[in-house]
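Visitor: target-v1.txt is the file, holding compact mmCIF, C-alpha atoms:
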# COMPACT_ATOMS: atom_id res chain seq x y z
CA MET A 457 -16.12 -19.25 17.72
CA ARG A 458 -13.02 -17.22 18.27
CA VAL A 459 -10.25 -16.43 15.87
CA LEU A 460 -6.96 -15.26 17.34
CA VAL A 461 -4.77 -13.34 14.95
CA ARG A 462 -1.19 -12.54 15.87
CA PRO A 463 1.86 -11.15 14.09
CA LYS A 464 4.02 -13.93 12.65
CA ALA A 465 7.10 -14.78 14.66
CA GLY A 466 10.03 -12.60 13.74
CA ILE A 467 7.93 -9.83 12.24
CA LEU A 468 8.40 -6.38 13.67
CA ASP A 469 5.67 -5.90 16.30
CA PRO A 470 5.96 -2.30 17.51
CA GLN A 471 2.71 -2.60 19.48
CA GLY A 472 4.06 -5.54 21.45
CA GLN A 473 7.33 -3.68 22.02
CA ALA A 474 5.50 -0.57 23.25
CA VAL A 475 3.49 -2.61 25.76
CA GLU A 476 6.62 -4.46 26.85
CA ARG A 477 8.29 -1.13 27.59
CA ALA A 478 5.24 0.36 29.31
CA LEU A 479 4.67 -2.43 31.86
CA PRO A 480 8.00 -2.07 33.73
CA ALA A 481 7.39 1.68 33.80
CA LEU A 482 4.29 0.90 35.90
CA GLY A 483 6.28 -1.37 38.19
CA PHE A 484 5.38 -4.67 36.52
CA ASP A 485 8.76 -6.34 36.13
CA GLY A 486 9.60 -9.70 34.62
CA VAL A 487 7.58 -9.25 31.43
CA ALA A 488 9.01 -10.46 28.12
CA HIS A 489 7.99 -11.43 24.59
CA VAL A 490 4.83 -9.31 24.46
CA HIS A 491 2.87 -9.54 21.21
CA VAL A 492 -0.34 -7.73 20.41
CA GLY A 493 -2.86 -9.29 18.06
CA ARG A 494 -6.59 -9.34 17.43
CA LEU A 495 -9.48 -11.37 18.77
CA ILE A 496 -12.41 -11.92 16.43
CA GLU A 497 -15.56 -13.49 17.86
CA LEU A 498 -18.16 -14.85 15.51
CA ASP A 499 -21.04 -17.28 15.19
CA VAL A 500 -20.77 -19.45 12.11
CA GLU A 501 -23.12 -22.10 10.78
CA ASP A 502 -20.35 -24.06 9.11
CA ALA A 503 -17.11 -23.93 11.07
CA SER A 504 -15.30 -25.89 8.36
CA ARG A 505 -15.28 -22.69 6.33
CA LEU A 506 -13.40 -20.74 9.01
CA PRO A 507 -9.88 -21.47 7.73
CA GLU A 508 -10.82 -20.05 4.33
CA MET A 509 -12.36 -16.99 6.00
CA CYS A 510 -9.11 -16.52 7.88
CA GLU A 511 -6.94 -16.95 4.80
CA ARG A 512 -9.00 -14.59 2.68
CA LEU A 513 -10.04 -11.84 5.06
CA LEU A 514 -9.65 -12.23 8.83
CA ALA A 515 -5.87 -12.55 8.67
CA ASN A 516 -3.19 -11.66 6.14
CA PRO A 517 -1.25 -14.94 5.93
CA LEU A 518 1.86 -13.08 4.74
CA ILE A 519 2.28 -11.31 8.06
CA GLU A 520 -0.12 -12.95 10.52
CA ASP A 521 -0.82 -16.37 12.02
CA TYR A 522 -4.33 -17.31 13.03
CA GLU A 523 -5.73 -19.79 15.48
CA ILE A 524 -9.32 -20.96 15.54
CA VAL A 525 -10.66 -21.64 19.02
CA GLU A 526 -14.01 -23.08 19.98
CA ALA A 527 -15.55 -20.66 22.45
CA MET R 1399 -5.35 10.10 -22.22
CA ARG R 1400 -7.80 9.63 -19.39
CA PHE R 1401 -7.07 8.55 -15.82
CA GLY R 1402 -9.65 7.00 -13.52
CA VAL R 1403 -9.25 7.72 -9.81
CA LEU R 1404 -11.05 5.33 -7.46
CA ARG R 1405 -13.09 6.69 -4.59
CA PHE R 1406 -13.87 4.45 -1.61
CA PRO R 1407 -15.79 5.51 1.49
CA GLY R 1408 -12.93 6.99 3.52
CA SER R 1409 -10.70 7.96 0.62
CA CYS R 1410 -9.33 11.45 1.19
CA ASP R 1411 -6.67 12.09 -1.45
CA GLU R 1412 -8.70 11.29 -4.54
CA VAL R 1413 -9.29 14.94 -5.45
CA ASP R 1414 -5.58 15.78 -5.21
CA ALA R 1415 -4.87 12.69 -7.31
CA GLN R 1416 -7.46 13.83 -9.85
CA LEU R 1417 -5.90 17.31 -9.98
CA ALA R 1418 -2.43 15.80 -10.44
CA CYS R 1419 -3.70 13.59 -13.28
CA GLU R 1420 -5.35 16.62 -14.89
CA ARG R 1421 -1.96 18.28 -15.21
CA VAL R 1422 -1.00 15.63 -17.74
CA GLY R 1423 -4.36 14.45 -19.11
CA GLU R 1424 -8.02 14.04 -18.22
CA ALA R 1425 -9.27 12.40 -15.05
CA THR R 1426 -12.53 10.91 -13.83
CA ILE R 1427 -13.49 9.79 -10.33
CA LEU R 1428 -14.70 6.17 -10.25
CA TRP R 1429 -17.02 5.09 -7.41
CA HIS R 1430 -16.12 1.92 -5.51
CA GLY R 1431 -19.63 0.50 -5.85
CA ASP R 1432 -19.61 0.65 -9.66
CA ARG R 1433 -18.01 -1.94 -11.88
CA ASP R 1434 -17.47 0.19 -14.95
CA LEU R 1435 -13.98 1.65 -15.42
CA GLN R 1436 -15.46 3.84 -18.18
CA GLY R 1437 -12.72 3.02 -20.64
CA VAL R 1438 -9.96 4.90 -18.79
CA ASP R 1439 -6.35 4.38 -19.88
CA ALA R 1440 -4.86 4.22 -16.37
CA VAL R 1441 -6.21 3.87 -12.84
CA VAL R 1442 -5.04 5.56 -9.65
CA VAL R 1443 -5.97 4.00 -6.30
CA PRO R 1444 -5.64 7.01 -3.99
CA GLY R 1445 -4.72 7.52 -0.36
CA GLY R 1446 -7.01 7.77 2.61
CA PHE R 1447 -8.68 5.35 4.97
CA SER R 1448 -10.85 3.18 2.76
CA TYR R 1449 -13.67 1.57 4.75
CA GLY R 1450 -12.19 3.12 7.88
CA ASP R 1451 -9.15 0.81 7.63
CA TYR R 1452 -11.28 -1.65 9.63
CA LEU R 1453 -9.69 -5.03 10.35
CA ARG R 1454 -6.44 -4.17 8.49
CA VAL R 1455 -5.51 -1.34 6.18
CA GLY R 1456 -6.83 -2.06 2.70
CA ALA R 1457 -8.40 -5.36 3.74
CA ILE R 1458 -12.05 -4.50 3.10
CA ALA R 1459 -11.56 -2.25 0.09
CA ARG R 1460 -10.17 -5.10 -1.95
CA PHE R 1461 -13.65 -6.65 -2.01
CA ALA R 1462 -15.33 -3.54 -3.46
CA PRO R 1463 -17.19 -4.20 -6.73
CA ILE R 1464 -14.86 -1.88 -8.69
CA MET R 1465 -11.86 -3.95 -7.58
CA GLU R 1466 -12.99 -6.89 -9.72
CA SER R 1467 -12.86 -4.66 -12.79
CA LEU R 1468 -9.54 -3.25 -11.62
CA VAL R 1469 -8.03 -6.73 -11.30
CA GLU R 1470 -9.17 -7.54 -14.85
CA PHE R 1471 -7.77 -4.23 -16.10
CA ALA R 1472 -4.43 -4.92 -14.40
CA ARG R 1473 -4.26 -8.49 -15.72
CA ALA R 1474 -4.78 -7.09 -19.23
CA GLY R 1475 -1.72 -4.88 -18.75
CA GLY R 1476 -3.47 -1.61 -17.86
CA PRO R 1477 -1.33 0.75 -15.78
CA VAL R 1478 -2.40 1.01 -12.12
CA LEU R 1479 -0.83 3.37 -9.58
CA GLY R 1480 -1.55 2.85 -5.88
CA ILE R 1481 -0.66 5.66 -3.50
CA CYS R 1482 -0.45 5.15 0.27
CA ASN R 1483 -3.77 3.50 1.19
CA GLY R 1484 -4.02 2.59 -2.50
CA PHE R 1485 -0.70 0.75 -2.17
CA GLN R 1486 -2.06 -1.07 0.87
CA VAL R 1487 -5.23 -2.02 -1.02
CA LEU R 1488 -3.24 -3.35 -4.00
CA CYS R 1489 -1.06 -5.46 -1.67
CA GLU R 1490 -4.15 -6.88 0.06
CA ALA R 1491 -5.67 -7.60 -3.36
CA GLY R 1492 -2.59 -9.61 -4.31
CA LEU R 1493 -1.77 -7.28 -7.21
CA LEU R 1494 1.45 -6.17 -5.52
CA PRO R 1495 3.95 -8.17 -3.48
CA GLY R 1496 4.30 -7.82 0.28
CA ALA R 1497 2.27 -6.10 2.98
CA LEU R 1498 2.37 -2.84 4.92
CA LEU R 1499 2.97 -3.04 8.67
CA PRO R 1500 2.64 -0.27 11.27
CA ASN R 1501 5.56 2.19 11.24
CA LYS R 1502 8.30 0.98 13.56
CA THR R 1503 7.67 4.04 15.77
CA LEU R 1504 3.89 3.44 15.79
CA ARG R 1505 3.55 7.14 15.06
CA PHE R 1506 1.81 8.95 12.26
CA VAL R 1507 4.51 10.82 10.37
CA CYS R 1508 3.91 13.60 7.87
CA ARG R 1509 6.98 15.04 6.19
CA GLN R 1510 8.84 15.55 2.94
CA VAL R 1511 11.03 12.53 2.11
CA GLU R 1512 13.84 12.01 -0.39
CA LEU R 1513 13.42 9.02 -2.68
CA VAL R 1514 15.92 7.43 -5.04
CA VAL R 1515 14.76 6.22 -8.44
CA GLU R 1516 16.01 2.65 -8.82
CA ARG R 1517 14.75 2.14 -12.36
CA ALA R 1518 13.78 4.67 -15.01
CA ASP R 1519 12.69 2.21 -17.71
CA THR R 1520 9.17 1.59 -16.38
CA PRO R 1521 5.72 3.04 -17.17
CA PHE R 1522 5.83 4.89 -13.82
CA THR R 1523 9.37 6.29 -13.82
CA SER R 1524 10.29 6.86 -17.48
CA ALA R 1525 10.23 10.66 -16.98
CA CYS R 1526 12.89 10.27 -14.25
CA GLU R 1527 16.51 9.28 -14.46
CA GLU R 1528 18.02 6.28 -12.75
CA GLY R 1529 19.57 7.36 -9.46
CA GLU R 1530 17.63 10.65 -9.48
CA ARG R 1531 16.34 11.88 -6.14
CA LEU R 1532 12.72 12.90 -5.79
CA SER R 1533 11.38 15.03 -2.98
CA ILE R 1534 7.83 13.91 -2.19
CA PRO R 1535 5.76 14.12 1.00
CA ALA R 1536 4.82 11.02 2.96
CA LYS R 1537 2.07 10.85 5.61
CA HIS R 1538 1.11 7.55 7.11
CA THR R 1539 1.00 5.31 10.19
CA THR R 1540 1.13 1.96 8.38
CA GLY R 1541 3.86 2.19 5.79
CA CYS R 1542 6.50 -0.33 6.77
CA TRP R 1543 6.78 -2.50 3.68
CA TYR R 1544 7.48 -6.12 4.45
CA ALA R 1545 7.84 -9.32 2.48
CA PRO R 1546 9.02 -12.73 3.70
CA PRO R 1547 12.70 -13.36 2.77
CA GLU R 1548 12.11 -15.52 -0.31
CA LEU R 1549 9.52 -13.09 -1.71
CA HIS R 1550 11.76 -10.12 -0.98
CA GLU R 1551 14.64 -11.81 -2.78
CA ARG R 1552 12.45 -12.44 -5.81
CA VAL R 1553 11.19 -8.85 -5.84
CA GLU R 1554 14.76 -7.53 -5.76
CA ALA R 1555 16.00 -10.02 -8.37
CA ASN R 1556 13.15 -9.06 -10.73
CA GLY R 1557 13.94 -5.37 -10.33
CA GLN R 1558 10.48 -4.64 -8.91
CA VAL R 1559 11.71 -2.01 -6.45
CA LEU R 1560 11.30 1.25 -8.36
CA LEU R 1561 11.75 3.71 -5.49
CA ARG R 1562 13.71 3.52 -2.26
CA TYR R 1563 13.97 5.99 0.59
CA ALA R 1564 17.32 7.78 0.32
CA PRO R 1565 19.80 6.80 3.07
CA GLY R 1566 18.55 8.08 6.43
CA GLU R 1567 15.13 9.04 5.03
CA SER R 1568 13.11 5.96 5.90
CA PHE R 1569 11.13 6.63 9.06
CA ASN R 1570 8.80 3.66 8.89
CA GLY R 1571 11.16 0.68 9.05
CA SER R 1572 10.51 -0.62 5.53
CA LEU R 1573 12.54 -3.65 4.51
CA ALA R 1574 15.56 -2.56 2.43
CA ASP R 1575 14.22 1.02 2.49
CA VAL R 1576 11.59 0.08 -0.10
CA ALA R 1577 9.28 3.02 -0.84
CA GLY R 1578 7.55 1.65 -3.93
CA VAL R 1579 7.29 -1.71 -5.71
CA CYS R 1580 5.69 -2.93 -8.91
CA ASN R 1581 4.26 -6.30 -9.89
CA GLU R 1582 6.22 -8.80 -11.99
CA ALA R 1583 4.64 -7.61 -15.21
CA GLY R 1584 5.59 -4.03 -14.34
CA ASN R 1585 2.17 -2.46 -14.97
CA VAL R 1586 0.99 -2.14 -11.35
CA PHE R 1587 2.96 0.09 -9.02
CA GLY R 1588 2.39 1.18 -5.44
CA LEU R 1589 4.22 3.58 -3.14
CA MET R 1590 3.66 5.05 0.31
CA PRO R 1591 4.74 8.66 -0.40
CA HIS R 1592 2.28 10.97 -2.18
CA PRO R 1593 3.37 12.12 -5.65
CA GLU R 1594 -0.02 13.82 -6.11
CA HIS R 1595 0.89 16.27 -3.34
CA ALA R 1596 4.10 17.28 -5.14
CA VAL R 1597 2.87 18.69 -8.44
CA ASP R 1598 2.91 22.44 -7.81
CA PRO R 1599 5.82 24.74 -6.92
CA LEU R 1600 3.50 26.36 -4.37
CA THR R 1601 3.81 23.28 -2.13
CA GLY R 1602 7.57 23.01 -2.50
CA SER R 1603 8.21 20.33 -5.09
CA THR R 1604 6.95 19.23 -8.48
CA ASP R 1605 8.85 15.92 -8.45
CA GLY R 1606 5.66 13.92 -8.06
CA LEU R 1607 4.48 15.09 -11.44
CA LYS R 1608 7.17 12.93 -13.07
CA LEU R 1609 5.27 9.78 -12.13
CA PHE R 1610 2.10 11.07 -13.80
CA GLU R 1611 4.08 12.22 -16.84
CA SER R 1612 5.62 8.76 -17.10
CA ILE R 1613 2.19 7.13 -17.09
CA ARG R 1614 1.01 9.51 -19.79
CA GLU R 1615 4.05 8.69 -21.97
CA HIS R 1616 3.42 5.01 -21.49
CA ALA R 1617 -0.33 5.20 -22.09
CA GLY R 1618 0.31 7.27 -25.20
CA ALA R 1619 2.62 4.58 -26.51
CA ARG R 1620 0.12 1.86 -25.61
CA VAL R 1621 -2.81 3.35 -27.54
Produce structure tokens that represent the structure in this file.

Guide:
Amino acid sequence: MRVLVRPKAGILDPQGQAVERALPALGFDGVAHVHVGRLIELDVEDASRLPEMCERLLANPLIEDYEIVEA
Amino acid sequence: MRFGVLRFPGSCDEVDAQLACERVGEATILWHGDRDLQGVDAVVVPGGFSYGDYLRVGAIARFAPIMESLVEFARAGGPVLGICNGFQVLCEAGLLPGALLPNKTLRFVCRQVELVVERADTPFTSACEEGERLSIPAKHTTGCWYAPPELHERVEANGQVLLRYAPGESFNGSLADVAGVCNEAGNVFGLMPHPEHAVDPLTGSTDGLKLFESIREHAGARV
């Protein structure tokens, strides 16, 4: 399974901003809305427990959104 | 009175915190893997990089065995001071409101900062005066305090912001220049700057000592 964790919309994302500024400097134009998050890969026996894992440890729901993806 | 100072793998300011506590009372280091708070009157969660800051700052440390005892201690009204990484741990543990985000510059910053005391009627600031400025060093990469709007409003309305960066002093992007907040009950307090590094004239300021003196006053009154 994969868990994608990203900063909540509207929250200051200096990492995303830094990448967004760096790409044009390398000649890659036309890049906008860059956000940097985390990818967590894991094998779980009971995938129904993943949301709780996300809420309690893998993400901080106050500042991050998470998405569970079957890999 | 006796302080307990937690030590996690990766803590690095626990000895300075212990020395600061010893200027106003006794202090014992408490190991993260133990559960016994040894009857201390107040607990300091010190700065550093607990558990390597893996996943998110403070995220793993909150599950340390000693944290269960700390949560009980805090719920019973015991005074808890979280400094820097300790502040991050207490936020992750749900003992303090909000979360700490990377500094807006993404840079590690280490410098003396001016703080304004918002309230002087709390167990952590009673040795200060309202509106007083404190000069205390800050050193962190992840110190931008954030809370969603409704939570931030509640924190302000309850008077939980005890310290703010003085105008022009906030380098990390914290919401409303918040440098330190307490819980609703007022017995758990966390801040990003390091009062334990400002207790000796040799290092330029003794303003940090006032926080430890406040805790001693309060603990003395509590006993």

Visitor: Find the spatial neighbours of stretch 1456-1463 of chain R, counting only C-alpha atoms, within a cut-off of 12 Å - ignore same-chain residues fewer than 5 positions away - and output them as an MDAnalysis selection string.

Guide: (chainID A and resid 510:516) or (chainID R and resid 1404:1409 1428:1435 1443:1451 1468:1470 1480:1493 1497:1499 1540:1541)

Visitor: Could you list, as a list of chain:residue names, every residue within 8 Å of R:Ala1545, counting only C-alpha atoms and ignoring same-chain residues fewer than 3 positions away?

Guide: A:Leu518, R:Pro1495, R:Gly1496, R:Ala1497, R:Leu1549, R:His1550, R:Leu1573

Visitor: How many Å separate atom CA of A:Leu495 from atom CA of A:Ala481?

Guide: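 That distance, rounded to one decimal, is 26.1 Å.
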
Visitor: If you take only C-alpha atoms and a cut-off of 7 Å, which residues of chain R touch chain A, and what are their nearest atom pairs and distances in Å to one decimal, in chain and number order, as JSON lines?

Guide:
{"residue": "R:Ala1457", "atom": "CA", "partner": "A:Leu513", "partner_atom": "CA", "distance": 6.8}
{"residue": "R:Lys1502", "atom": "CA", "partner": "A:Pro470", "partner_atom": "CA", "distance": 5.6}
{"residue": "R:Thr1503", "atom": "CA", "partner": "A:Pro470", "partner_atom": "CA", "distance": 6.8}
{"residue": "R:Leu1504", "atom": "CA", "partner": "A:Pro470", "partner_atom": "CA", "distance": 6.3}

Visitor: Would you compute the distance between atom CA of R:His1595 and atom CA of R:Asp1411? Give it in Å to one decimal.

Guide: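 Computing the Euclidean distance for atom CA of R:His1595 and atom CA of R:Asp1411 yields 8.8 Å.
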
Visitor: Calculated over all atoms listed in the file, which of the candidates R:Thr1604, R:Gln1510, R:Gln1416, R:Asn1556 has the smallest distance to R:Ser1568?

Guide: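 Closest to R:Ser1568 of all the choices is R:Gln1510.
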
Visitor: I'd like to know which of R:Val1455, R:Val1514, R:Ala1415, R:Ala1474 is closest to R:Glu1527, using all atoms listed in the file.

Guide: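 Closest residue, counting all atoms listed in the file: R:Val1514.
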
Visitor: Can you put N, CA and C atoms back into stretch 1561-1578 of chain R and show it as a compact mmCIF listing (two decimals), in the frame of the given file?

Guide:
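Result file is result_33.txt:
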# COMPACT_ATOMS: atom_id res chain seq x y z
N LEU R 1561 11.36 2.57 -6.32
CA LEU R 1561 11.75 3.71 -5.49
C LEU R 1561 12.18 3.22 -4.12
N ARG R 1562 13.28 3.80 -3.63
CA ARG R 1562 13.71 3.52 -2.26
C ARG R 1562 13.85 4.84 -1.53
N TYR R 1563 13.67 4.81 -0.20
CA TYR R 1563 13.97 5.99 0.59
C TYR R 1563 15.48 6.21 0.50
N ALA R 1564 15.89 7.46 0.34
CA ALA R 1564 17.32 7.78 0.32
C ALA R 1564 17.88 7.44 1.70
N PRO R 1565 19.21 7.18 1.79
CA PRO R 1565 19.80 6.80 3.07
C PRO R 1565 19.40 7.78 4.18
N GLY R 1566 18.93 7.25 5.29
CA GLY R 1566 18.55 8.08 6.43
C GLY R 1566 17.15 8.67 6.34
N GLU R 1567 16.45 8.41 5.23
CA GLU R 1567 15.13 9.04 5.03
C GLU R 1567 13.97 8.16 5.45
N SER R 1568 14.23 6.85 5.58
CA SER R 1568 13.11 5.96 5.90
C SER R 1568 12.78 6.08 7.38
N PHE R 1569 11.55 6.47 7.67
CA PHE R 1569 11.13 6.63 9.06
C PHE R 1569 10.22 5.50 9.50
N ASN R 1570 9.84 4.63 8.55
CA ASN R 1570 8.80 3.66 8.89
C ASN R 1570 9.31 2.25 9.11
N GLY R 1571 10.61 2.01 8.82
CA GLY R 1571 11.16 0.68 9.05
C GLY R 1571 11.05 -0.27 7.88
N SER R 1572 10.69 0.24 6.71
CA SER R 1572 10.51 -0.62 5.53
C SER R 1572 11.74 -1.47 5.26
N LEU R 1573 11.48 -2.72 4.89
CA LEU R 1573 12.54 -3.65 4.51
C LEU R 1573 13.35 -3.04 3.36
N ALA R 1574 14.66 -3.04 3.49
CA ALA R 1574 15.56 -2.56 2.43
C ALA R 1574 15.19 -1.16 1.94
N ASP R 1575 14.59 -0.37 2.82
CA ASP R 1575 14.22 1.02 2.49
C ASP R 1575 13.28 1.12 1.28
N VAL R 1576 12.49 0.08 1.06
CA VAL R 1576 11.59 0.08 -0.10
C VAL R 1576 10.49 1.13 0.11
N ALA R 1577 10.35 2.02 -0.88
CA ALA R 1577 9.28 3.02 -0.84
C ALA R 1577 8.18 2.68 -1.83
N GLY R 1578 8.55 1.99 -2.92
CA GLY R 1578 7.55 1.65 -3.93
C GLY R 1578 7.96 0.43 -4.73
